[in-house]
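Novice: What follows is query-v8.pdb, made up of PDB, N, CA and C atoms:
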```
ATOM      1  N   MET H   1      27.275   6.131 -17.167
ATOM      2  CA  MET H   1      27.599   6.545 -15.814
ATOM      3  C   MET H   1      27.942   5.305 -14.988
ATOM      4  N   GLY H   2      29.039   5.367 -14.249
ATOM      5  CA  GLY H   2      29.472   4.247 -13.426
ATOM      6  C   GLY H   2      28.763   4.221 -12.085
ATOM      7  N   LEU H   3      28.689   3.057 -11.486
ATOM      8  CA  LEU H   3      28.028   2.896 -10.188
ATOM      9  C   LEU H   3      28.862   1.974  -9.316
ATOM     10  N   LYS H   4      29.105   2.416  -8.096
ATOM     11  CA  LYS H   4      29.820   1.587  -7.121
ATOM     12  C   LYS H   4      28.943   1.468  -5.884
ATOM     13  N   ILE H   5      28.809   0.260  -5.382
ATOM     14  CA  ILE H   5      27.968   0.014  -4.205
ATOM     15  C   ILE H   5      28.843  -0.460  -3.058
ATOM     16  N   ASN H   6      28.673   0.163  -1.896
ATOM     17  CA  ASN H   6      29.375  -0.245  -0.679
ATOM     18  C   ASN H   6      28.343  -0.692   0.345
ATOM     19  N   TYR H   7      28.570  -1.843   0.945
ATOM     20  CA  TYR H   7      27.701  -2.320   2.016
ATOM     21  C   TYR H   7      28.443  -2.171   3.334
ATOM     22  N   LYS H   8      27.934  -1.324   4.202
ATOM     23  CA  LYS H   8      28.544  -1.132   5.515
ATOM     24  C   LYS H   8      28.262  -2.354   6.386
ATOM     25  N   LYS H   9      29.059  -2.523   7.427
ATOM     26  CA  LYS H   9      28.984  -3.721   8.263
ATOM     27  C   LYS H   9      27.584  -4.003   8.835
ATOM     28  N   PRO H  10      26.874  -2.998   9.410
ATOM     29  CA  PRO H  10      25.531  -3.312   9.952
ATOM     30  C   PRO H  10      24.572  -3.831   8.885
ATOM     31  N   PHE H  11      24.685  -3.302   7.673
ATOM     32  CA  PHE H  11      23.825  -3.737   6.572
ATOM     33  C   PHE H  11      24.139  -5.195   6.215
ATOM     34  N   SER H  12      25.407  -5.479   6.005
ATOM     35  CA  SER H  12      25.811  -6.837   5.613
ATOM     36  C   SER H  12      25.458  -7.873   6.672
ATOM     37  N   GLN H  13      25.668  -7.527   7.932
ATOM     38  CA  GLN H  13      25.374  -8.472   9.011
ATOM     39  C   GLN H  13      23.889  -8.799   9.070
ATOM     40  N   PHE H  14      23.034  -7.791   8.906
ATOM     41  CA  PHE H  14      21.595  -8.027   8.934
ATOM     42  C   PHE H  14      21.184  -8.951   7.792
ATOM     43  N   VAL H  15      21.654  -8.639   6.579
ATOM     44  CA  VAL H  15      21.263  -9.418   5.400
ATOM     45  C   VAL H  15      21.722 -10.866   5.534
ATOM     46  N   LYS H  16      22.934 -11.075   6.032
ATOM     47  CA  LYS H  16      23.494 -12.417   6.164
ATOM     48  C   LYS H  16      22.632 -13.304   7.059
ATOM     49  N   LYS H  17      21.984 -12.726   8.064
ATOM     50  CA  LYS H  17      21.198 -13.490   9.035
ATOM     51  C   LYS H  17      19.780 -13.827   8.552
ATOM     52  N   GLN H  18      19.355 -13.261   7.422
ATOM     53  CA  GLN H  18      17.970 -13.418   6.985
ATOM     54  C   GLN H  18      17.786 -14.652   6.108
ATOM     55  N   HIS H  19      16.531 -15.112   6.043
ATOM     56  CA  HIS H  19      16.219 -16.251   5.185
ATOM     57  C   HIS H  19      16.202 -15.816   3.717
ATOM     58  N   ARG H  20      16.231 -16.796   2.845
ATOM     59  CA  ARG H  20      16.394 -16.557   1.408
ATOM     60  C   ARG H  20      15.324 -15.626   0.827
ATOM     61  N   ASP H  21      14.068 -15.786   1.244
ATOM     62  CA  ASP H  21      12.985 -14.963   0.685
ATOM     63  C   ASP H  21      13.205 -13.482   0.984
ATOM     64  N   LEU H  22      13.565 -13.176   2.225
ATOM     65  CA  LEU H  22      13.791 -11.775   2.587
ATOM     66  C   LEU H  22      15.045 -11.251   1.890
ATOM     67  N   ARG H  23      16.084 -12.054   1.788
ATOM     68  CA  ARG H  23      17.302 -11.610   1.078
ATOM     69  C   ARG H  23      16.978 -11.272  -0.374
ATOM     70  N   ALA H  24      16.126 -12.065  -1.008
ATOM     71  CA  ALA H  24      15.727 -11.785  -2.393
ATOM     72  C   ALA H  24      14.959 -10.470  -2.481
ATOM     73  N   ALA H  25      14.075 -10.223  -1.512
ATOM     74  CA  ALA H  25      13.318  -8.971  -1.482
ATOM     75  C   ALA H  25      14.261  -7.782  -1.285
ATOM     76  N   ILE H  26      15.257  -7.947  -0.424
ATOM     77  CA  ILE H  26      16.239  -6.888  -0.189
ATOM     78  C   ILE H  26      17.017  -6.598  -1.469
ATOM     79  N   GLU H  27      17.413  -7.651  -2.186
ATOM     80  CA  GLU H  27      18.124  -7.456  -3.458
ATOM     81  C   GLU H  27      17.275  -6.672  -4.450
ATOM     82  N   ASP H  28      15.975  -6.953  -4.493
ATOM     83  CA  ASP H  28      15.070  -6.208  -5.380
ATOM     84  C   ASP H  28      15.025  -4.732  -4.995
ATOM     85  N   GLU H  29      14.975  -4.465  -3.688
ATOM     86  CA  GLU H  29      14.924  -3.078  -3.220
ATOM     87  C   GLU H  29      16.241  -2.357  -3.520
ATOM     88  N   ILE H  30      17.364  -3.056  -3.373
ATOM     89  CA  ILE H  30      18.667  -2.463  -3.698
ATOM     90  C   ILE H  30      18.705  -2.093  -5.177
ATOM     91  N   GLU H  31      18.183  -2.984  -6.012
ATOM     92  CA  GLU H  31      18.140  -2.706  -7.446
ATOM     93  C   GLU H  31      17.289  -1.469  -7.739
ATOM     94  N   SER H  32      16.146  -1.334  -7.048
ATOM     95  CA  SER H  32      15.295  -0.155  -7.220
ATOM     96  C   SER H  32      16.040   1.116  -6.832
ATOM     97  N   ILE H  33      16.779   1.042  -5.724
ATOM     98  CA  ILE H  33      17.540   2.207  -5.263
ATOM     99  C   ILE H  33      18.638   2.547  -6.265
ATOM    100  N   CYS H  34      19.309   1.539  -6.792
ATOM    101  CA  CYS H  34      20.370   1.779  -7.775
ATOM    102  C   CYS H  34      19.816   2.402  -9.053
ATOM    103  N   ASN H  35      18.594   2.041  -9.420
ATOM    104  CA  ASN H  35      17.961   2.606 -10.618
ATOM    105  C   ASN H  35      17.487   4.037 -10.400
ATOM    106  N   ASP H  36      17.112   4.382  -9.173
ATOM    107  CA  ASP H  36      16.676   5.743  -8.836
ATOM    108  C   ASP H  36      17.110   6.029  -7.405
ATOM    109  N   ALA H  37      18.293   6.589  -7.254
ATOM    110  CA  ALA H  37      18.872   6.813  -5.923
ATOM    111  C   ALA H  37      18.079   7.821  -5.093
ATOM    112  N   ASN H  38      17.181   8.564  -5.726
ATOM    113  CA  ASN H  38      16.378   9.543  -4.990
ATOM    114  C   ASN H  38      15.061   8.965  -4.477
ATOM    115  N   ILE H  39      14.897   7.651  -4.557
ATOM    116  CA  ILE H  39      13.660   6.982  -4.158
ATOM    117  C   ILE H  39      13.391   7.121  -2.651
ATOM    118  N   GLY H  40      14.445   7.167  -1.854
ATOM    119  CA  GLY H  40      14.294   7.248  -0.403
ATOM    120  C   GLY H  40      14.077   8.671   0.073
ATOM    121  N   GLU H  41      13.536   8.781   1.274
ATOM    122  CA  GLU H  41      13.279  10.091   1.874
ATOM    123  C   GLU H  41      14.579  10.665   2.426
ATOM    124  N   LEU H  42      14.910  11.884   2.013
ATOM    125  CA  LEU H  42      16.128  12.553   2.460
ATOM    126  C   LEU H  42      15.951  13.029   3.895
ATOM    127  N   LYS H  43      16.890  12.664   4.757
ATOM    128  CA  LYS H  43      16.813  13.023   6.172
ATOM    129  C   LYS H  43      17.555  14.329   6.437
ATOM    130  N   ILE H  44      17.236  14.949   7.581
ATOM    131  CA  ILE H  44      17.865  16.203   7.974
ATOM    132  C   ILE H  44      18.429  16.040   9.383
ATOM    133  N   GLY H  45      19.040  17.076   9.898
ATOM    134  CA  GLY H  45      19.577  17.034  11.262
ATOM    135  C   GLY H  45      20.781  16.137  11.357
ATOM    136  N   ASP H  46      20.801  15.267  12.387
ATOM    137  CA  ASP H  46      21.931  14.361  12.609
ATOM    138  C   ASP H  46      22.166  13.424  11.424
ATOM    139  N   LEU H  47      21.125  13.162  10.661
ATOM    140  CA  LEU H  47      21.222  12.219   9.537
ATOM    141  C   LEU H  47      21.222  12.933   8.183
ATOM    142  N   ALA H  48      21.616  14.181   8.154
ATOM    143  CA  ALA H  48      21.622  14.957   6.908
ATOM    144  C   ALA H  48      22.439  14.227   5.846
ATOM    145  N   GLY H  49      21.869  14.122   4.653
ATOM    146  CA  GLY H  49      22.547  13.452   3.547
ATOM    147  C   GLY H  49      22.201  11.980   3.419
ATOM    148  N   ILE H  50      21.582  11.425   4.435
ATOM    149  CA  ILE H  50      21.173  10.013   4.417
ATOM    150  C   ILE H  50      19.741   9.931   3.880
ATOM    151  N   ARG H  51      19.486   8.928   3.081
ATOM    152  CA  ARG H  51      18.129   8.664   2.601
ATOM    153  C   ARG H  51      17.646   7.358   3.216
ATOM    154  N   VAL H  52      16.341   7.283   3.461
ATOM    155  CA  VAL H  52      15.746   6.058   4.002
ATOM    156  C   VAL H  52      14.612   5.628   3.077
ATOM    157  N   HIS H  53      14.744   4.414   2.591
ATOM    158  CA  HIS H  53      13.736   3.803   1.717
ATOM    159  C   HIS H  53      13.009   2.731   2.531
ATOM    160  N   LYS H  54      11.683   2.762   2.495
ATOM    161  CA  LYS H  54      10.883   1.792   3.248
ATOM    162  C   LYS H  54      10.224   0.807   2.290
ATOM    163  N   PHE H  55      10.134  -0.435   2.741
ATOM    164  CA  PHE H  55       9.407  -1.443   1.966
ATOM    165  C   PHE H  55       8.796  -2.453   2.924
ATOM    166  N   LYS H  56       7.753  -3.116   2.448
ATOM    167  CA  LYS H  56       7.070  -4.112   3.275
ATOM    168  C   LYS H  56       7.398  -5.513   2.768
ATOM    169  N   PHE H  57       7.550  -6.423   3.734
ATOM    170  CA  PHE H  57       7.761  -7.830   3.424
ATOM    171  C   PHE H  57       6.997  -8.623   4.462
ATOM    172  N   HIS H  58       6.043  -9.430   4.008
ATOM    173  CA  HIS H  58       5.167 -10.207   4.911
ATOM    174  C   HIS H  58       4.594  -9.341   6.036
ATOM    175  N   LYS H  59       3.997  -8.221   5.650
ATOM    176  CA  LYS H  59       3.313  -7.294   6.573
ATOM    177  C   LYS H  59       4.252  -6.596   7.551
ATOM    178  N   GLN H  60       5.554  -6.760   7.396
ATOM    179  CA  GLN H  60       6.532  -6.093   8.261
ATOM    180  C   GLN H  60       7.237  -5.021   7.426
ATOM    181  N   GLU H  61       7.314  -3.810   7.981
ATOM    182  CA  GLU H  61       8.002  -2.743   7.265
ATOM    183  C   GLU H  61       9.492  -2.755   7.604
ATOM    184  N   TYR H  62      10.310  -2.635   6.568
ATOM    185  CA  TYR H  62      11.763  -2.563   6.721
ATOM    186  C   TYR H  62      12.239  -1.222   6.197
ATOM    187  N   LEU H  63      13.321  -0.739   6.752
ATOM    188  CA  LEU H  63      13.905   0.515   6.330
ATOM    189  C   LEU H  63      15.336   0.257   5.870
ATOM    190  N   ILE H  64      15.717   0.899   4.786
ATOM    191  CA  ILE H  64      17.080   0.813   4.275
ATOM    192  C   ILE H  64      17.661   2.223   4.303
ATOM    193  N   ALA H  65      18.747   2.399   5.027
ATOM    194  CA  ALA H  65      19.428   3.692   5.078
ATOM    195  C   ALA H  65      20.616   3.652   4.130
ATOM    196  N   TYR H  66      20.714   4.665   3.279
ATOM    197  CA  TYR H  66      21.807   4.724   2.317
ATOM    198  C   TYR H  66      22.142   6.169   1.992
ATOM    199  N   GLN H  67      23.271   6.344   1.356
ATOM    200  CA  GLN H  67      23.690   7.675   0.922
ATOM    201  C   GLN H  67      24.247   7.534  -0.478
ATOM    202  N   ASN H  68      23.794   8.398  -1.371
ATOM    203  CA  ASN H  68      24.351   8.363  -2.716
ATOM    204  C   ASN H  68      25.198   9.619  -2.931
ATOM    205  N   ILE H  69      26.353   9.395  -3.527
ATOM    206  CA  ILE H  69      27.297  10.474  -3.760
ATOM    207  C   ILE H  69      27.614  10.497  -5.245
ATOM    208  N   GLU H  70      27.314  11.610  -5.880
ATOM    209  CA  GLU H  70      27.638  11.771  -7.296
ATOM    210  C   GLU H  70      28.815  12.728  -7.385
ATOM    211  N   ASN H  71      29.775  12.393  -8.233
ATOM    212  CA  ASN H  71      30.864  13.336  -8.413
ATOM    213  C   ASN H  71      30.881  13.851  -9.847
ATOM    214  N   GLU H  72      31.783  14.740 -10.091
ATOM    215  CA  GLU H  72      31.783  15.456 -11.373
ATOM    216  C   GLU H  72      32.143  14.591 -12.579
ATOM    217  N   ILE H  73      32.670  13.389 -12.374
ATOM    218  CA  ILE H  73      33.000  12.547 -13.526
ATOM    219  C   ILE H  73      31.918  11.483 -13.787
ATOM    220  N   GLN H  74      30.678  11.815 -13.405
ATOM    221  CA  GLN H  74      29.533  10.950 -13.695
ATOM    222  C   GLN H  74      29.690   9.555 -13.106
ATOM    223  N   PHE H  75      30.170   9.520 -11.886
ATOM    224  CA  PHE H  75      30.333   8.250 -11.175
ATOM    225  C   PHE H  75      29.527   8.349  -9.897
ATOM    226  N   VAL H  76      28.708   7.364  -9.629
ATOM    227  CA  VAL H  76      27.843   7.392  -8.462
ATOM    228  C   VAL H  76      28.282   6.303  -7.488
ATOM    229  N   VAL H  77      28.383   6.676  -6.225
ATOM    230  CA  VAL H  77      28.684   5.723  -5.162
ATOM    231  C   VAL H  77      27.469   5.670  -4.249
ATOM    232  N   ILE H  78      26.984   4.479  -3.964
ATOM    233  CA  ILE H  78      25.880   4.326  -3.017
ATOM    234  C   ILE H  78      26.395   3.510  -1.840
ATOM    235  N   ASP H  79      26.352   4.117  -0.665
ATOM    236  CA  ASP H  79      26.743   3.444   0.569
ATOM    237  C   ASP H  79      25.481   2.984   1.284
ATOM    238  N   PHE H  80      25.317   1.687   1.465
ATOM    239  CA  PHE H  80      24.177   1.151   2.202
ATOM    240  C   PHE H  80      24.616   0.971   3.650
ATOM    241  N   TYR H  81      24.026   1.769   4.546
ATOM    242  CA  TYR H  81      24.451   1.801   5.935
ATOM    243  C   TYR H  81      23.755   0.771   6.812
ATOM    244  N   LYS H  82      22.452   0.694   6.706
ATOM    245  CA  LYS H  82      21.709  -0.110   7.668
ATOM    246  C   LYS H  82      20.394  -0.540   7.061
ATOM    247  N   ILE H  83      19.909  -1.686   7.523
ATOM    248  CA  ILE H  83      18.581  -2.153   7.159
ATOM    249  C   ILE H  83      17.984  -2.785   8.407
ATOM    250  N   GLY H  84      16.686  -2.644   8.578
ATOM    251  CA  GLY H  84      16.041  -3.254   9.733
ATOM    252  C   GLY H  84      14.617  -2.765   9.881
ATOM    253  N   THR H  85      13.999  -3.218  10.950
ATOM    254  CA  THR H  85      12.643  -2.769  11.255
ATOM    255  C   THR H  85      12.747  -1.416  11.950
ATOM    256  N   HIS H  86      11.605  -0.781  12.157
ATOM    257  CA  HIS H  86      11.594   0.594  12.658
ATOM    258  C   HIS H  86      12.114   0.713  14.089
ATOM    259  N   GLU H  87      11.962  -0.334  14.884
ATOM    260  CA  GLU H  87      12.335  -0.268  16.297
ATOM    261  C   GLU H  87      13.825   0.046  16.470
ATOM    262  N   ASN H  88      14.121   1.161  17.085
ATOM    263  CA  ASN H  88      15.487   1.637  17.357
ATOM    264  C   ASN H  88      16.309   1.905  16.094
ATOM    265  N   PHE H  89      15.700   1.889  14.930
ATOM    266  CA  PHE H  89      16.436   2.024  13.668
ATOM    267  C   PHE H  89      17.227   3.322  13.603
ATOM    268  N   TYR H  90      16.537   4.450  13.834
ATOM    269  CA  TYR H  90      17.193   5.746  13.669
ATOM    270  C   TYR H  90      18.256   5.987  14.742
ATOM    271  N   GLU H  91      17.993   5.552  15.952
ATOM    272  CA  GLU H  91      18.966   5.714  17.038
ATOM    273  C   GLU H  91      20.235   4.913  16.739
ATOM    274  N   GLU H  92      20.076   3.669  16.317
ATOM    275  CA  GLU H  92      21.228   2.834  15.986
ATOM    276  C   GLU H  92      21.987   3.393  14.783
ATOM    277  N   LEU H  93      21.254   3.929  13.804
ATOM    278  CA  LEU H  93      21.881   4.521  12.627
ATOM    279  C   LEU H  93      22.715   5.738  13.022
ATOM    280  N   LYS H  94      22.149   6.603  13.855
ATOM    281  CA  LYS H  94      22.889   7.783  14.328
ATOM    282  C   LYS H  94      24.159   7.365  15.060
ATOM    283  N   ASN H  95      24.045   6.380  15.937
ATOM    284  CA  ASN H  95      25.210   5.913  16.694
ATOM    285  C   ASN H  95      26.280   5.348  15.765
ATOM    286  N   TYR H  96      25.866   4.583  14.757
ATOM    287  CA  TYR H  96      26.828   4.007  13.816
ATOM    288  C   TYR H  96      27.551   5.106  13.029
ATOM    289  N   ILE H  97      26.792   6.055  12.524
ATOM    290  CA  ILE H  97      27.395   7.135  11.720
ATOM    291  C   ILE H  97      28.345   7.974  12.581
ATOM    292  N   LYS H  98      27.919   8.274  13.796
ATOM    293  CA  LYS H  98      28.761   9.055  14.704
ATOM    294  C   LYS H  98      30.071   8.317  14.998
ATOM    295  N   ALA H  99      29.989   7.014  15.228
ATOM    296  CA  ALA H  99      31.173   6.204  15.556
ATOM    297  C   ALA H  99      32.102   6.045  14.354
ATOM    298  N   SER H 100      31.553   6.065  13.145
ATOM    299  CA  SER H 100      32.371   5.831  11.948
ATOM    300  C   SER H 100      33.029   7.105  11.414
ATOM    301  N   ARG H 101      32.677   8.245  11.971
ATOM    302  CA  ARG H 101      33.271   9.513  11.487
ATOM    303  C   ARG H 101      34.532   9.852  12.179
TER     304      ARG H 101
END
```
Take the structure from the file and write it as C-alpha cells.

Specialist:
Amino acid sequence: MGLKINYKKPFSQFVKKQHRDLRAAIEDEIESICNDANIGELKIGDLAGIRVHKFKFHKQEYLIAYQNIENEIQFVVIDFYKIGTHENFYEELKNYIKASR
C-alpha cells in the first residue's frame, strides 16, 4: 500500500520554528501516525473527518491535527494540518480549514 504525506503551511511553519529535540519528537509522532492512521481521536461537527493525536514533550501537551484519506487503489494520503499546544488550537484549526476550502 502506498503512502503520501502532505504538510500544510501551519504545520510546517510550527515545526520549522522548534528546537531539534522537539522536531525529533514530532518526527516520531508522525511515524506513529503513518503506521496507524487511526491513532488520533476522530472529530465531529466543524472538524468532521479530522483526527487529533496528542503527545507530551517536556510536560507540555501537543496536538497534531491530520486527515487520512484512503482510496480504492490502496493508496493512503495523510494531510498534516496543524500542530501546537491546546491554547486556541481548535479555533485556529477551524479557521484554517474554513479558509482553505

Novice: Go through the shown structure with the PyMOL selection byres (((chain H and resi 78-94 and name CA) around 7) and name CA) and write out the matching residues as an MDAnalysis selection string.

Specialist: chainID H and resid 4:8 10:11 14 46:47 61:69 76:77 95:98

Novice: Per DSSP on the backbone, what are the alpha helix (DSSP H) residues of chain H, as a PyMOL selection string?

Specialist: chain H and resi 9-16+20-35+89-100

Novice: So that I can check the surroundings of range 26-33 of chain H, please list as a ChimeraX atom specification every protein, DNA and RNA residue that reaches within 8 Å of it, counting only C-alpha atoms and ignoring chain neighbours fewer than 6 positions away.

Specialist: /H:15,39-40,55

Novice: Hey, can you spit out that residue selection with N, CA and C atoms as a CSV table (one decimal), keeping the file's coordinate frame?

Specialist:
```csv
chain,number,residue,atom,x,y,z
H,15,VAL,N,21.7,-8.6,6.6
H,15,VAL,CA,21.3,-9.4,5.4
H,15,VAL,C,21.7,-10.9,5.5
H,39,ILE,N,14.9,7.7,-4.6
H,39,ILE,CA,13.7,7.0,-4.2
H,39,ILE,C,13.4,7.1,-2.7
H,40,GLY,N,14.4,7.2,-1.9
H,40,GLY,CA,14.3,7.2,-0.4
H,40,GLY,C,14.1,8.7,0.1
H,55,PHE,N,10.1,-0.4,2.7
H,55,PHE,CA,9.4,-1.4,2.0
H,55,PHE,C,8.8,-2.5,2.9
```

Novice: Assign secondary structure with DSSP using the backbone only, and return the residues of chain H in strand (DSSP E) as a PyMOL selection string.

Specialist: chain H and resi 2-7+41-42+51-57+60-70+75-84

Novice: Save out the residues we just selected, N, CA and C atoms, as a compact mmCIF listing (two decimals), keeping the file's coordinate frame.

Specialist:
```
# COMPACT_ATOMS: atom_id res chain seq x y z
N GLY H 2 29.04 5.37 -14.25
CA GLY H 2 29.47 4.25 -13.43
C GLY H 2 28.76 4.22 -12.08
N LEU H 3 28.69 3.06 -11.49
CA LEU H 3 28.03 2.90 -10.19
C LEU H 3 28.86 1.97 -9.32
N LYS H 4 29.10 2.42 -8.10
CA LYS H 4 29.82 1.59 -7.12
C LYS H 4 28.94 1.47 -5.88
N ILE H 5 28.81 0.26 -5.38
CA ILE H 5 27.97 0.01 -4.20
C ILE H 5 28.84 -0.46 -3.06
N ASN H 6 28.67 0.16 -1.90
CA ASN H 6 29.38 -0.24 -0.68
C ASN H 6 28.34 -0.69 0.34
N TYR H 7 28.57 -1.84 0.94
CA TYR H 7 27.70 -2.32 2.02
C TYR H 7 28.44 -2.17 3.33
N GLU H 41 13.54 8.78 1.27
CA GLU H 41 13.28 10.09 1.87
C GLU H 41 14.58 10.66 2.43
N LEU H 42 14.91 11.88 2.01
CA LEU H 42 16.13 12.55 2.46
C LEU H 42 15.95 13.03 3.90
N ARG H 51 19.49 8.93 3.08
CA ARG H 51 18.13 8.66 2.60
C ARG H 51 17.65 7.36 3.22
N VAL H 52 16.34 7.28 3.46
CA VAL H 52 15.75 6.06 4.00
C VAL H 52 14.61 5.63 3.08
N HIS H 53 14.74 4.41 2.59
CA HIS H 53 13.74 3.80 1.72
C HIS H 53 13.01 2.73 2.53
N LYS H 54 11.68 2.76 2.50
CA LYS H 54 10.88 1.79 3.25
C LYS H 54 10.22 0.81 2.29
N PHE H 55 10.13 -0.44 2.74
CA PHE H 55 9.41 -1.44 1.97
C PHE H 55 8.80 -2.45 2.92
N LYS H 56 7.75 -3.12 2.45
CA LYS H 56 7.07 -4.11 3.28
C LYS H 56 7.40 -5.51 2.77
N PHE H 57 7.55 -6.42 3.73
CA PHE H 57 7.76 -7.83 3.42
C PHE H 57 7.00 -8.62 4.46
N GLN H 60 5.55 -6.76 7.40
CA GLN H 60 6.53 -6.09 8.26
C GLN H 60 7.24 -5.02 7.43
N GLU H 61 7.31 -3.81 7.98
CA GLU H 61 8.00 -2.74 7.26
C GLU H 61 9.49 -2.76 7.60
N TYR H 62 10.31 -2.64 6.57
CA TYR H 62 11.76 -2.56 6.72
C TYR H 62 12.24 -1.22 6.20
N LEU H 63 13.32 -0.74 6.75
CA LEU H 63 13.90 0.52 6.33
C LEU H 63 15.34 0.26 5.87
N ILE H 64 15.72 0.90 4.79
CA ILE H 64 17.08 0.81 4.28
C ILE H 64 17.66 2.22 4.30
N ALA H 65 18.75 2.40 5.03
CA ALA H 65 19.43 3.69 5.08
C ALA H 65 20.62 3.65 4.13
N TYR H 66 20.71 4.66 3.28
CA TYR H 66 21.81 4.72 2.32
C TYR H 66 22.14 6.17 1.99
N GLN H 67 23.27 6.34 1.36
CA GLN H 67 23.69 7.68 0.92
C GLN H 67 24.25 7.53 -0.48
N ASN H 68 23.79 8.40 -1.37
CA ASN H 68 24.35 8.36 -2.72
C ASN H 68 25.20 9.62 -2.93
N ILE H 69 26.35 9.40 -3.53
CA ILE H 69 27.30 10.47 -3.76
C ILE H 69 27.61 10.50 -5.24
N GLU H 70 27.31 11.61 -5.88
CA GLU H 70 27.64 11.77 -7.30
C GLU H 70 28.82 12.73 -7.38
N PHE H 75 30.17 9.52 -11.89
CA PHE H 75 30.33 8.25 -11.18
C PHE H 75 29.53 8.35 -9.90
N VAL H 76 28.71 7.36 -9.63
CA VAL H 76 27.84 7.39 -8.46
C VAL H 76 28.28 6.30 -7.49
N VAL H 77 28.38 6.68 -6.22
CA VAL H 77 28.68 5.72 -5.16
C VAL H 77 27.47 5.67 -4.25
N ILE H 78 26.98 4.48 -3.96
CA ILE H 78 25.88 4.33 -3.02
C ILE H 78 26.40 3.51 -1.84
N ASP H 79 26.35 4.12 -0.66
CA ASP H 79 26.74 3.44 0.57
C ASP H 79 25.48 2.98 1.28
N PHE H 80 25.32 1.69 1.46
CA PHE H 80 24.18 1.15 2.20
C PHE H 80 24.62 0.97 3.65
N TYR H 81 24.03 1.77 4.55
CA TYR H 81 24.45 1.80 5.94
C TYR H 81 23.76 0.77 6.81
N LYS H 82 22.45 0.69 6.71
CA LYS H 82 21.71 -0.11 7.67
C LYS H 82 20.39 -0.54 7.06
N ILE H 83 19.91 -1.69 7.52
CA ILE H 83 18.58 -2.15 7.16
C ILE H 83 17.98 -2.78 8.41
N GLY H 84 16.69 -2.64 8.58
CA GLY H 84 16.04 -3.25 9.73
C GLY H 84 14.62 -2.76 9.88
```

Novice: State, in Å with one decimal place, the distance from atom N of Lys16 in chain H to atom N of Ile44 in chain H.

Specialist: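 Taking atom N of Lys16 in chain H and atom N of Ile44 in chain H, their separation equals 26.7 Å.
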